[in-house]
>>> print(open('final_25.cif').read())   # mmCIF, C-alpha atoms
data_input
loop_
_atom_site.label_atom_id
_atom_site.label_comp_id
_atom_site.auth_asym_id
_atom_site.auth_seq_id
_atom_site.Cartn_x
_atom_site.Cartn_y
_atom_site.Cartn_z
CA MET A 1346 109.90 108.89 131.82
CA ASP A 1347 113.37 109.56 130.36
CA LEU A 1348 114.36 113.22 130.17
CA ARG A 1349 116.82 114.33 127.50
CA HIS A 1350 119.20 117.26 127.26
CA GLU A 1351 119.01 119.39 124.13
CA TRP A 1352 121.08 122.11 122.45
CA LYS A 1353 119.95 124.15 119.47
CA HIS A 1354 122.25 126.35 117.35
CA ARG A 1355 121.20 128.64 114.51
CA LEU A 1356 123.61 128.20 111.58
CA SER A 1357 124.12 129.66 108.15
CA PRO A 1358 124.34 127.48 105.01
CA ALA A 1359 128.08 128.25 104.92
CA ASP A 1360 128.50 126.42 108.25
CA LEU A 1361 127.12 123.16 106.88
CA PRO A 1362 129.91 121.61 104.75
CA GLY A 1363 132.60 121.57 107.46
CA LEU A 1364 130.22 120.48 110.20
CA ARG A 1365 128.77 117.75 108.00
CA ARG A 1366 132.24 116.37 107.24
CA ARG A 1367 133.18 116.23 110.94
CA LEU A 1368 129.97 114.49 111.88
CA MET A 1369 130.30 111.93 109.08
CA LEU A 1370 133.76 110.99 110.36
CA LEU A 1371 132.69 110.60 114.00
CA THR A 1372 129.13 109.28 113.98
CA GLN A 1373 127.01 106.51 112.55
CA PRO A 1374 124.40 107.03 109.83
CA ASP A 1375 120.77 106.93 110.84
CA PRO A 1376 119.25 103.71 109.40
CA HIS A 1377 116.03 105.56 108.52
CA ALA A 1378 117.73 108.18 106.35
CA VAL A 1379 117.71 107.91 102.57
CA GLU A 1380 121.01 109.13 101.12
CA GLY A 1381 121.72 110.71 104.48
CA ARG A 1382 118.52 112.67 105.01
CA TYR A 1383 114.74 112.53 105.17
CA HIS A 1384 111.72 114.81 104.90
CA ILE A 1385 109.63 115.53 108.01
CA ARG A 1386 106.04 116.74 108.00
CA SER A 1387 104.39 117.72 111.27
CA LEU A 1388 100.92 118.99 112.08
CA TYR A 1389 100.96 121.04 115.29
CA PHE A 1390 98.04 121.55 117.67
CA ASP A 1391 97.21 124.67 119.66
CA THR A 1392 94.35 126.30 121.53
CA PRO A 1393 92.30 129.27 120.28
CA SER A 1394 94.45 131.49 122.54
CA ASP A 1395 97.68 129.96 121.17
CA LYS A 1396 98.73 128.50 124.51
CA ALA A 1397 101.56 126.34 123.09
CA LEU A 1398 102.93 129.20 121.01
CA ARG A 1399 102.83 131.74 123.85
CA GLU A 1400 104.42 129.38 126.36
CA LYS A 1401 107.28 128.69 123.96
CA LEU A 1402 107.87 132.37 123.19
CA ASP A 1403 107.66 133.28 126.89
CA GLY A 1404 110.07 130.50 127.89
CA VAL A 1405 107.63 128.85 130.30
CA ASN A 1406 109.59 126.32 132.35
CA GLN A 1407 107.05 123.49 132.16
CA ARG A 1408 105.18 123.13 128.89
CA GLU A 1409 103.94 120.62 126.33
CA LYS A 1410 102.86 120.45 122.71
CA PHE A 1411 101.09 117.87 120.55
CA ARG A 1412 101.84 117.11 116.92
CA ILE A 1413 101.26 114.46 114.26
CA ARG A 1414 104.36 113.45 112.30
CA CYS A 1415 105.38 111.33 109.31
CA TYR A 1416 108.63 110.85 107.38
CA ASN A 1417 109.31 111.07 103.65
CA LYS A 1418 105.58 111.65 103.06
CA ASP A 1419 104.97 107.97 103.80
CA PRO A 1420 101.47 107.49 105.29
CA SER A 1421 102.21 103.92 106.38
CA LEU A 1422 103.89 105.15 109.58
CA ILE A 1423 102.33 108.15 111.31
CA HIS A 1424 102.74 109.05 114.98
CA LEU A 1425 100.96 111.31 117.40
CA GLU A 1426 103.66 112.85 119.59
CA LYS A 1427 103.55 114.78 122.84
CA LYS A 1428 106.71 116.75 123.60
CA SER A 1429 107.17 117.99 127.15
CA LYS A 1430 109.76 120.36 128.62
CA ARG A 1431 110.67 120.75 132.28
CA ASP A 1432 113.67 122.55 133.77
CA GLY A 1433 115.31 122.64 130.35
CA LEU A 1434 115.01 118.87 129.84
CA GLY A 1435 112.72 117.23 127.30
CA THR A 1436 110.82 114.02 126.82
CA LYS A 1437 108.61 112.63 124.08
CA GLU A 1438 105.68 110.20 124.11
CA LYS A 1439 104.17 108.81 120.94
CA ALA A 1440 101.40 106.59 119.61
CA GLN A 1441 100.90 105.23 116.11
CA LEU A 1442 97.93 106.44 114.04
CA THR A 1443 96.39 105.12 110.83
CA PRO A 1444 95.77 107.42 107.85
CA ASP A 1445 92.01 107.04 108.41
CA GLN A 1446 92.38 108.14 112.04
CA VAL A 1447 94.45 111.15 111.03
CA GLN A 1448 91.94 112.20 108.39
CA ALA A 1449 89.06 111.80 110.84
CA LEU A 1450 90.88 113.93 113.41
CA VAL A 1451 91.62 116.68 110.87
CA GLU A 1452 87.97 116.70 109.82
CA GLY A 1453 86.81 117.02 113.44
CA ASP A 1454 85.54 113.44 113.90
CA LEU A 1455 86.84 112.70 117.41
CA ASP A 1456 84.60 109.91 118.75
CA TRP A 1457 87.05 107.14 117.85
CA MET A 1458 89.69 108.74 120.08
CA ARG A 1459 87.82 107.80 123.27
CA GLU A 1460 88.68 104.11 122.75
CA ALA A 1461 92.23 104.56 121.48
CA SER A 1462 95.64 104.55 123.22
CA PRO A 1463 96.22 106.56 126.43
CA LEU A 1464 98.07 109.33 124.56
CA VAL A 1465 95.30 109.65 121.97
CA ARG A 1466 92.71 109.77 124.78
CA GLU A 1467 94.74 112.52 126.47
CA LEU A 1468 94.68 114.56 123.28
CA TYR A 1469 90.93 113.93 122.97
CA HIS A 1470 90.23 115.31 126.45
CA LYS A 1471 92.39 118.38 125.83
CA MET A 1472 90.66 119.00 122.52
CA LYS A 1473 87.35 118.88 124.37
CA LEU A 1474 88.37 120.85 127.46
CA GLN A 1475 90.98 123.30 126.11
CA GLY A 1476 89.83 123.64 122.50
CA LEU A 1477 93.09 122.17 121.20
CA ARG A 1478 92.91 121.91 117.40
CA PRO A 1479 95.21 121.31 114.40
CA ARG A 1480 96.93 124.66 113.75
CA THR A 1481 99.55 124.46 111.00
CA ILE A 1482 101.72 122.12 108.94
CA VAL A 1483 105.50 122.36 109.30
CA ASP A 1484 107.78 120.76 106.68
CA TYR A 1485 111.58 120.52 106.61
CA MET A 1486 114.54 118.36 105.63
CA ARG A 1487 116.70 116.63 108.26
CA GLU A 1488 120.19 115.13 108.18
CA PRO A 1489 120.59 112.85 111.23
CA PHE A 1490 123.77 111.52 112.88
CA VAL A 1491 123.96 108.97 115.71
CA TYR A 1492 126.64 108.47 118.36
CA PRO A 1493 125.82 105.55 120.73
CA PRO A 1494 127.85 106.65 123.81
CA GLY A 1495 125.50 108.95 125.70
CA ASN A 1496 122.71 108.05 123.25
CA VAL A 1497 123.61 111.17 121.27
CA ARG A 1498 121.62 112.28 118.24
CA VAL A 1499 122.77 115.22 116.13
CA THR A 1500 120.52 116.64 113.42
CA LEU A 1501 120.82 119.35 110.78
CA ASP A 1502 117.42 120.78 109.82
CA TYR A 1503 116.79 123.14 106.91
CA ASP A 1504 114.37 124.15 104.14
CA LEU A 1505 111.72 125.00 106.72
CA ARG A 1506 108.30 125.50 105.13
CA THR A 1507 104.88 126.39 106.50
CA GLY A 1508 101.48 125.22 105.37
CA LEU A 1509 99.97 128.58 106.34
CA GLY A 1510 96.34 127.77 107.19
CA CYS A 1511 96.38 124.30 105.64
CA VAL A 1512 95.96 121.44 108.14
CA ASP A 1513 95.15 118.71 105.58
CA PHE A 1514 98.09 116.59 106.72
CA LEU A 1515 97.71 113.77 104.21
CA ASN A 1516 97.09 115.95 101.17
CA PRO A 1517 100.21 115.86 98.94
CA ASP A 1518 98.95 118.98 97.16
CA CYS A 1519 98.83 121.08 100.33
CA VAL A 1520 100.76 124.24 99.42
CA THR A 1521 103.72 125.11 101.64
CA VAL A 1522 105.93 128.20 101.42
CA PRO A 1523 109.38 128.97 102.86
CA ALA A 1524 109.12 130.12 106.46
CA ARG A 1525 110.47 133.56 107.24
CA ASP A 1526 113.47 133.46 109.59
CA GLY A 1527 114.06 129.78 108.78
CA PRO A 1528 117.80 129.21 109.23
CA VAL A 1529 119.70 125.94 109.37
CA ILE A 1530 119.19 124.47 112.84
CA LEU A 1531 121.71 122.22 114.55
CA GLU A 1532 120.15 120.11 117.30
CA VAL A 1533 122.13 117.96 119.73
CA LYS A 1534 120.26 115.62 122.08
CA TRP A 1535 121.71 113.29 124.70
CA ASP A 1536 120.90 111.43 127.90
CA ALA A 1537 123.17 111.57 130.96
CA PHE A 1538 126.34 112.91 129.32
CA LEU A 1539 127.57 114.50 126.10
CA PRO A 1540 130.94 113.03 125.03
CA ASP A 1541 133.69 115.62 124.55
CA LEU A 1542 134.29 114.29 121.04
CA ILE A 1543 130.82 115.38 119.94
CA ARG A 1544 130.84 118.53 122.07
CA ASP A 1545 133.98 119.69 120.27
CA ALA A 1546 132.80 118.60 116.82
CA VAL A 1547 129.63 120.72 116.89
CA GLN A 1548 131.33 123.91 118.06
CA ILE A 1549 131.38 126.66 115.43
CA PRO A 1550 133.00 130.02 116.17
CA GLY A 1551 130.40 132.70 116.81
CA ARG A 1552 127.53 130.21 117.18
CA ARG A 1553 125.99 129.64 120.60
CA ALA A 1554 123.07 127.58 121.83
CA ALA A 1555 119.81 129.52 121.51
CA ALA A 1556 116.12 128.73 121.64
CA PHE A 1557 114.41 128.19 118.29
CA SER A 1558 110.95 126.85 117.53
CA LYS A 1559 110.07 125.62 114.05
CA TYR A 1560 106.40 125.86 115.00
CA ALA A 1561 106.79 129.49 116.11
CA ALA A 1562 108.74 130.36 112.94
CA CYS A 1563 105.91 128.89 110.85
CA ARG A 1564 103.31 130.91 112.74
CA MET A 1565 104.93 134.23 111.79
CA TYR A 1566 102.53 134.47 108.86
CA ASP A 1567 99.40 134.59 111.06
#
>>> encode(input="final_25.cif", output="structure tokens")
Amino acid sequence: MDLRHEWKHRLSPADLPGLRRRLMLLTQPDPHAVEGRYHIRSLYFDTPSDKALREKLDGVNQREKFRIRCYNKDPSLIHLEKKSKRDGLGTKEKAQLTPDQVQALVEGDLDWMREASPLVRELYHKMKLQGLRPRTIVDYMREPFVYPPGNVRVTLDYDLRTGLGCVDFLNPDCVTVPARDGPVILEVKWDAFLPDLIRDAVQIPGRRAAAFSKYAACRMYD
């Protein structure tokens, strides 16, 4: 399992133009982006006691979270993802889902999961044993930049919105509202090393790496 390093920086909208120009000069465009960006919708899972939320807020060293994700509101490619953190390093596992499987899961029909992929079966058992359930929808826009040396990926995320209590992932009419405390987030991810060129390019005076959870920000309305 490959573990990745990750930095997060909270930015203001005024920081974006200069940073965007530097990244466009140094990096390659993401082939999945449309006009340089794409929309992300995620449906996060949590237990009745909010285990994933509490572990994130408490900075637990070893933790995990499950989510369902699609891009540009396109239901033809949906993934179940499990993100794990250990000693500050992260990894992600994923499995493809069909729209019918997603809808069944949201509606509480779980029997099909017992015969699915290993990751889906893992989620099934944790839903049964821990009470893990869909908790909230998180929407935002992302501008991605790729730098092959070091397998570096830099993203600018903004327009963070929460679905409040809505978990109907495939419903285009699901109402979302701007999340309180939803700044621009710079994320930098890399494997074994971060090239100095990128390290220098993402530095902004007065901005330092700091923990930020989009899921936690979208739960502030609970």
>>> residues_around(input="final_25.cif", residues="Ala1359 (chain A)", least_positions_apart="3", cutoff="12 Å", atoms="all atoms listed in the file", output="ChimeraX atom specification")
/A:1355-1356,1362-1365,1528-1529,1549
>>> closest_residue(input="final_25.cif", among="A:Asp1513, A:Asp1360, A:Asp1403, A:Asp1504", to="Gly1453 (chain A)", atoms="all atoms listed in the file")
A:Asp1513
>>> closest_residue(input="final_25.cif", among="A:Ala1440, A:Ile1423, A:Val1547, A:Leu1370", to="Met1458 (chain A)", atoms="all atoms listed in the file")
A:Ala1440
>>> resolve_selection(input="final_25.cif", expression="the PyMOL selection byres ((chain A and resi 1495-1500) around 7)", output="list in words")
Arg1487, Glu1488, Pro1489, Phe1490, Val1491, Tyr1492, Pro1493, Pro1494, Leu1501, Asp1502, Leu1531, Glu1532, Val1533, Lys1534, Trp1535, Asp1536, Ala1537, Phe1538, Leu1539 and Pro1540 of chain A
>>> closest_residue(input="final_25.cif", among="A:Leu1348, A:Leu1542, A:Leu1368, A:Ala1461", to="Lys1428 (chain A)", atoms="only C-alpha atoms")
A:Leu1348
>>> closest_residue(input="final_25.cif", among="A:Asn1516, A:Thr1372, A:Asn1417, A:Thr1436", to="Ile1385 (chain A)", atoms="all atoms listed in the file")
A:Asn1417
>>> atom_distance(input="final_25.cif", atom1="CA of Met1565 (chain A)", atom2="CA of Lys1401 (chain A)")
13.6 Å
>>> resolve_selection(input="final_25.cif", expression="the PyMOL selection byres ((chain A and resi 1434) around 6)", output="ChimeraX atom specification")
/A:1348-1350,1430-1433,1435
>>> atom_distance(input="final_25.cif", atom1="CA of Ala1556 (chain A)", atom2="CA of Glu1467 (chain A)")
27.3 Å
